[in-house]
$ cat final23.cif   # mmCIF, C-alpha atoms; chains and numbers go by the auth columns
data_query
loop_
_atom_site.group_PDB
_atom_site.id
_atom_site.type_symbol
_atom_site.label_atom_id
_atom_site.label_comp_id
_atom_site.label_asym_id
_atom_site.label_seq_id
_atom_site.Cartn_x
_atom_site.Cartn_y
_atom_site.Cartn_z
_atom_site.B_iso_or_equiv
_atom_site.auth_seq_id
_atom_site.auth_asym_id
ATOM 1 C CA MET A 1 21.554 -44.124 5.419 0.00 1 N
ATOM 2 C CA ASN A 2 19.106 -42.862 8.001 0.00 2 N
ATOM 3 C CA SER A 3 15.791 -41.665 6.544 0.00 3 N
ATOM 4 C CA MET A 4 14.908 -39.541 9.597 0.00 4 N
ATOM 5 C CA LYS A 5 14.467 -35.823 9.042 0.00 5 N
ATOM 6 C CA THR A 6 17.166 -33.650 10.545 0.00 6 N
ATOM 7 C CA TYR A 7 15.917 -30.566 12.329 0.00 7 N
ATOM 8 C CA ASN A 8 18.062 -27.551 13.086 0.00 8 N
ATOM 9 C CA ARG A 9 17.012 -27.063 16.713 0.00 9 N
ATOM 10 C CA SER A 10 19.224 -24.015 17.195 0.00 10 N
ATOM 11 C CA LYS A 11 17.548 -22.266 14.254 0.00 11 N
ATOM 12 C CA ILE A 12 14.106 -23.290 15.547 0.00 12 N
ATOM 13 C CA MET A 13 14.760 -21.761 18.965 0.00 13 N
ATOM 14 C CA LYS A 14 16.284 -18.559 17.513 0.00 14 N
ATOM 15 C CA ARG A 15 13.235 -18.157 15.302 0.00 15 N
ATOM 16 C CA ALA A 16 10.920 -18.801 18.274 0.00 16 N
ATOM 17 C CA TYR A 17 12.570 -16.022 20.294 0.00 17 N
ATOM 18 C CA LYS A 18 12.232 -13.620 17.355 0.00 18 N
ATOM 19 C CA LEU A 19 8.582 -14.599 16.944 0.00 19 N
ATOM 20 C CA MET A 20 7.893 -13.570 20.538 0.00 20 N
ATOM 21 C CA GLU A 21 8.480 -9.962 19.379 0.00 21 N
ATOM 22 C CA LYS A 22 5.867 -10.298 16.600 0.00 22 N
ATOM 23 C CA ILE A 23 2.087 -10.117 16.427 0.00 23 N
ATOM 24 C CA ASN A 24 0.328 -13.442 15.965 0.00 24 N
ATOM 25 C CA PRO A 25 -2.073 -12.864 13.017 0.00 25 N
ATOM 26 C CA SER A 26 -4.607 -15.342 14.386 0.00 26 N
ATOM 27 C CA THR A 27 -4.861 -13.774 17.864 0.00 27 N
ATOM 28 C CA GLY A 28 -3.867 -10.162 17.192 0.00 28 N
ATOM 29 C CA SER A 29 -1.496 -10.131 20.180 0.00 29 N
ATOM 30 C CA LEU A 30 2.170 -10.969 20.687 0.00 30 N
ATOM 31 C CA TYR A 31 3.184 -14.605 20.385 0.00 31 N
ATOM 32 C CA THR A 32 3.482 -16.435 23.692 0.00 32 N
ATOM 33 C CA TYR A 33 6.532 -18.649 24.181 0.00 33 N
ATOM 34 C CA GLY A 34 4.522 -21.800 23.449 0.00 34 N
ATOM 35 C CA GLU A 35 2.876 -20.335 20.349 0.00 35 N
ATOM 36 C CA ALA A 36 6.253 -19.115 19.101 0.00 36 N
ATOM 37 C CA GLN A 37 7.821 -22.556 19.477 0.00 37 N
ATOM 38 C CA LYS A 38 4.891 -24.244 17.745 0.00 38 N
ATOM 39 C CA GLN A 39 5.014 -21.740 14.865 0.00 39 N
ATOM 40 C CA SER A 40 8.777 -22.122 14.514 0.00 40 N
ATOM 41 C CA TRP A 41 8.449 -25.913 14.264 0.00 41 N
ATOM 42 C CA LYS A 42 5.764 -25.529 11.563 0.00 42 N
ATOM 43 C CA VAL A 43 8.059 -23.227 9.582 0.00 43 N
ATOM 44 C CA GLU A 44 10.959 -25.672 9.931 0.00 44 N
ATOM 45 C CA LYS A 45 8.832 -28.531 8.595 0.00 45 N
ATOM 46 C CA VAL A 46 7.737 -26.451 5.583 0.00 46 N
ATOM 47 C CA GLU A 47 11.368 -25.490 4.902 0.00 47 N
ATOM 48 C CA ILE A 48 12.418 -29.159 4.920 0.00 48 N
ATOM 49 C CA GLU A 49 9.577 -30.033 2.526 0.00 49 N
ATOM 50 C CA LEU A 50 10.592 -27.141 0.250 0.00 50 N
ATOM 51 C CA LYS A 51 14.188 -28.312 0.213 0.00 51 N
ATOM 52 C CA ASN A 52 13.338 -31.956 -0.519 0.00 52 N
ATOM 53 C CA GLY A 53 10.580 -31.468 -3.097 0.00 53 N
ATOM 54 C CA PHE A 54 7.187 -29.834 -3.092 0.00 54 N
ATOM 55 C CA SER A 55 5.255 -28.350 -0.209 0.00 55 N
ATOM 56 C CA ARG A 56 1.644 -27.218 0.113 0.00 56 N
ATOM 57 C CA PHE A 57 1.136 -24.484 2.670 0.00 57 N
ATOM 58 C CA ALA A 58 -0.843 -21.339 3.379 0.00 58 N
ATOM 59 C CA PHE A 59 0.181 -17.979 4.724 0.00 59 N
ATOM 60 C CA ILE A 60 -1.463 -14.664 5.520 0.00 60 N
ATOM 61 C CA LYS A 61 -0.704 -11.963 2.938 0.00 61 N
ATOM 62 C CA LYS A 62 0.699 -8.924 4.680 0.00 62 N
ATOM 63 C CA SER A 63 -0.837 -6.456 2.210 0.00 63 N
ATOM 64 C CA THR A 64 -4.424 -7.743 2.263 0.00 64 N
ATOM 65 C CA GLY A 65 -4.637 -9.979 5.320 0.00 65 N
ATOM 66 C CA GLU A 66 -6.112 -12.816 3.255 0.00 66 N
ATOM 67 C CA LYS A 67 -5.060 -16.430 3.561 0.00 67 N
ATOM 68 C CA THR A 68 -3.369 -17.679 0.393 0.00 68 N
ATOM 69 C CA HIS A 69 -2.447 -21.261 -0.504 0.00 69 N
ATOM 70 C CA ARG A 70 0.708 -22.181 -2.409 0.00 70 N
ATOM 71 C CA VAL A 71 2.384 -25.206 -3.944 0.00 71 N
ATOM 72 C CA ALA A 72 6.085 -24.477 -3.890 0.00 72 N
ATOM 73 C CA THR A 73 9.625 -25.825 -3.896 0.00 73 N
ATOM 74 C CA ARG A 74 13.230 -24.800 -3.351 0.00 74 N
ATOM 75 C CA ASN A 75 14.615 -27.889 -5.066 0.00 75 N
ATOM 76 C CA LEU A 76 16.338 -26.536 -8.192 0.00 76 N
ATOM 77 C CA LYS A 77 15.679 -29.809 -10.028 0.00 77 N
ATOM 78 C CA GLN A 78 12.001 -28.813 -9.954 0.00 78 N
ATOM 79 C CA VAL A 79 12.607 -25.188 -11.047 0.00 79 N
ATOM 80 C CA PRO A 80 12.905 -24.304 -14.762 0.00 80 N
ATOM 81 C CA PRO A 81 16.555 -23.482 -15.615 0.00 81 N
ATOM 82 C CA SER A 82 15.583 -19.989 -16.792 0.00 82 N
ATOM 83 C CA LYS A 83 14.300 -19.278 -13.255 0.00 83 N
ATOM 84 C CA HIS A 84 17.390 -20.483 -11.379 0.00 84 N
ATOM 85 C CA PRO A 85 18.984 -17.868 -9.109 0.00 85 N
ATOM 86 C CA LYS A 86 21.738 -15.930 -10.893 0.00 86 N
ATOM 87 C CA GLY A 87 24.083 -15.464 -7.947 0.00 87 N
ATOM 88 C CA MET A 88 24.504 -16.175 -4.288 0.00 88 N
ATOM 89 C CA GLY A 89 21.637 -13.873 -3.355 0.00 89 N
ATOM 90 C CA SER A 90 21.308 -12.071 -0.091 0.00 90 N
ATOM 91 C CA SER A 91 20.682 -13.623 3.263 0.00 91 N
ATOM 92 C CA SER A 92 17.349 -12.439 4.581 0.00 92 N
ATOM 93 C CA GLY A 93 17.652 -14.073 7.988 0.00 93 N
ATOM 94 C CA ILE A 94 15.702 -16.813 9.657 0.00 94 N
ATOM 95 C CA MET A 95 12.343 -15.044 9.543 0.00 95 N
ATOM 96 C CA THR A 96 11.939 -14.821 5.744 0.00 96 N
ATOM 97 C CA ILE A 97 11.102 -18.025 3.892 0.00 97 N
ATOM 98 C CA LYS A 98 11.898 -17.924 0.175 0.00 98 N
ATOM 99 C CA PHE A 99 10.216 -20.325 -2.244 0.00 99 N
ATOM 100 C CA PHE A 100 9.530 -20.928 -5.921 0.00 100 N
ATOM 101 C CA ASP A 101 5.783 -20.741 -6.526 0.00 101 N
ATOM 102 C CA CYS A 102 4.922 -23.612 -8.891 0.00 102 N
ATOM 103 C CA THR A 103 1.637 -21.995 -9.949 0.00 103 N
ATOM 104 C CA ILE A 104 2.911 -18.629 -11.177 0.00 104 N
ATOM 105 C CA LEU A 105 6.491 -19.838 -11.814 0.00 105 N
ATOM 106 C CA GLU A 106 8.137 -17.037 -9.827 0.00 106 N
ATOM 107 C CA TRP A 107 10.221 -16.725 -6.671 0.00 107 N
ATOM 108 C CA ARG A 108 8.306 -15.413 -3.667 0.00 108 N
ATOM 109 C CA SER A 109 8.724 -15.156 0.107 0.00 109 N
ATOM 110 C CA PHE A 110 6.733 -14.796 3.300 0.00 110 N
ATOM 111 C CA ASN A 111 7.534 -14.014 6.922 0.00 111 N
ATOM 112 C CA ALA A 112 7.593 -16.858 9.449 0.00 112 N
ATOM 113 C CA GLU A 113 4.939 -15.243 11.623 0.00 113 N
ATOM 114 C CA ASN A 114 2.471 -15.317 8.703 0.00 114 N
ATOM 115 C CA LEU A 115 2.526 -19.076 8.086 0.00 115 N
ATOM 116 C CA ALA A 116 -1.044 -20.281 8.561 0.00 116 N
ATOM 117 C CA ALA A 117 -2.076 -23.524 10.243 0.00 117 N
#

$ encode --input "final23.cif" --output "structure tokens"
Amino acid sequence: MNSMKTYNRSKIMKRAYKLMEKINPSTGSLYTYGEAQKQSWKVEKVEIELKNGFSRFAFIKKSTGEKTHRVATRNLKQVPPSKHPKGMGSSSGIMTIKFFDCTILEWRSFNAENLAA
């Protein structure tokens, strides 16, 4: 079995093109193509970490503009059974990243453009 991480390059590029329509919180202007690709790769790496176990990351809160740090997962083995999703859920697209916050024990999400470095 190969231990290399598998990246979904198609998803990364689609997300990068969508990011080019968004405001970069660190610069206050639209994402350039290079910035969008870099941001999309960062989001992909966080998503892989979330899927495989725990991830530590930071994002900019939309409501307050403050940088917030989280320890999170999407691995249901790490989520209490009472907090497991009840159904299939709704697809929120490639720009919304859903995660289980291990500190407050609740499901949360953030937009891809708000992932901090």

$ atom_distance --input "final23.cif" --atom1 "CA of Arg70 in chain N" --atom2 "CA of Ser55 in chain N"
8.0 Å

$ resolve_selection --input "final23.cif" --expression "the PyMOL selection byres ((chain N and resi 93-107) around 10)" --output "VMD selection string"
chain N and resid 11 to 12 14 to 16 18 to 19 40 43 to 44 46 to 47 50 to 51 54 to 55 70 to 76 78 to 80 83 to 85 90 to 92 108 to 115

$ closest_residue --input "final23.cif" --among "N:Lys22, N:Ile60, N:Tyr17, N:Lys86" --to "Gly34 in chain N" --atoms "all atoms listed in the file"
N:Tyr17

$ atom_distance --input "final23.cif" --atom1 "CA of Thr27 in chain N" --atom2 "CA of Ala116 in chain N"
12.0 Å

$ resolve_selection --input "final23.cif" --expression "the PyMOL selection byres ((chain N and resi 68) around 9)" --output "number ranges by chain"
N: 57-61, 66-67, 69-70, 116

$ write_last_selection --input "final23.cif" --atoms "C-alpha atoms" --output "PDB file, in the frame of the given file"
ATOM      1  CA  PHE N  57       1.136 -24.484   2.670  1.00  0.00           C
ATOM      2  CA  ALA N  58      -0.843 -21.339   3.379  1.00  0.00           C
ATOM      3  CA  PHE N  59       0.181 -17.979   4.724  1.00  0.00           C
ATOM      4  CA  ILE N  60      -1.463 -14.664   5.520  1.00  0.00           C
ATOM      5  CA  LYS N  61      -0.704 -11.963   2.938  1.00  0.00           C
ATOM      6  CA  GLU N  66      -6.112 -12.816   3.255  1.00  0.00           C
ATOM      7  CA  LYS N  67      -5.060 -16.430   3.561  1.00  0.00           C
ATOM      8  CA  HIS N  69      -2.447 -21.261  -0.504  1.00  0.00           C
ATOM      9  CA  ARG N  70       0.708 -22.181  -2.409  1.00  0.00           C
ATOM     10  CA  ALA N 116      -1.044 -20.281   8.561  1.00  0.00           C
TER      11      ALA N 116
END

$ axis_aligned_box --input "final23.cif" --around "range 17-35 of chain N" --padding-each-side "4 Å" --output "lines of an AutoDock Vina configuration file"
center_x = 3.9
center_y = -15.9
center_z = 18.6
size_x = 25.4
size_y = 19.8
size_z = 19.2

$ closest_residue --input "final23.cif" --among "N:Ser63, N:Asn24, N:Asn52, N:Ser82" --to "Gln39 in chain N" --atoms "all atoms listed in the file"
N:Asn24

$ atom_distance --input "final23.cif" --atom1 "CA of Met20 in chain N" --atom2 "CA of Arg56 in chain N"
25.3 Å
